[in-house]
Amino acid sequence: MTAHVESSSELIPPSAGGKSEAGKQIRNPHDIPHQSLSALVEQWSEARGRTVLAKHAHVGELLAEDLFAELAYGARIAQEATAGRWCVVADLLRVGAMESWAQVGTAMDLTETEARDGFHDWIAGQVDLQKTSATLGITEAEAEELYVLADAVAW
């Protein structure tokens, strides 16, 4: 859909213009095929680059497909980047490296209450996952250990 466009000495590569390799329009993060985080960032960057060039350098067309792809890839990147954050908090607790929920909240750009409540919600979700899958998640005993460690951390 997007053709080669020359700007100064740059060549903007042709792209899927906000479409997956299968040609499906990318309108939400779940439309994006499984791929590495670096590939997701590359796709987001390409869509963002085309949008910026179209808006500010008047190179190419401002396409809705690119705008939706930018939003969807950005959301998917955020999901991927934050998917394991509560596991990291659990590990910090287990190694005794957490001094306060404010410290963790700051690292996660959350309030201390959001960090603590989010972690407790994650524990409950992991216990439910373990009950339904029998292999994934954490056991009741592991959850109790994490609750005790979490409650010992200062606010």
# chains A, B, ... in the order shown; residues from 1 in each chain; ligands from 1
$ select_by_dssp --residues "chain A" --states "alpha helix (DSSP H)" --output "count of residues only"
87
$ atom_distance --atom1 "CA of Asp128 (chain A)" --atom2 "CA of Arg116 (chain A)"
18.7 Å
$ select_by_dssp --residues "chain A" --states "strand (DSSP E)" --output "PyMOL selection string"
chain A and resi 5-7+10-12
$ write_last_selection --atoms "C-alpha atoms" --output "short mmCIF file (atom, residue, chain, number, x, y, z; two decimals), in the first residue's frame"
data_model
loop_
_atom_site.label_atom_id
_atom_site.label_comp_id
_atom_site.auth_asym_id
_atom_site.auth_seq_id
_atom_site.Cartn_x
_atom_site.Cartn_y
_atom_site.Cartn_z
CA VAL A 5 9.20 7.70 -0.89
CA GLU A 6 12.43 9.64 -1.08
CA SER A 7 13.02 12.50 1.34
CA GLU A 10 16.50 8.94 2.92
CA LEU A 11 14.52 6.10 1.48
CA ILE A 12 11.47 5.14 3.48
#
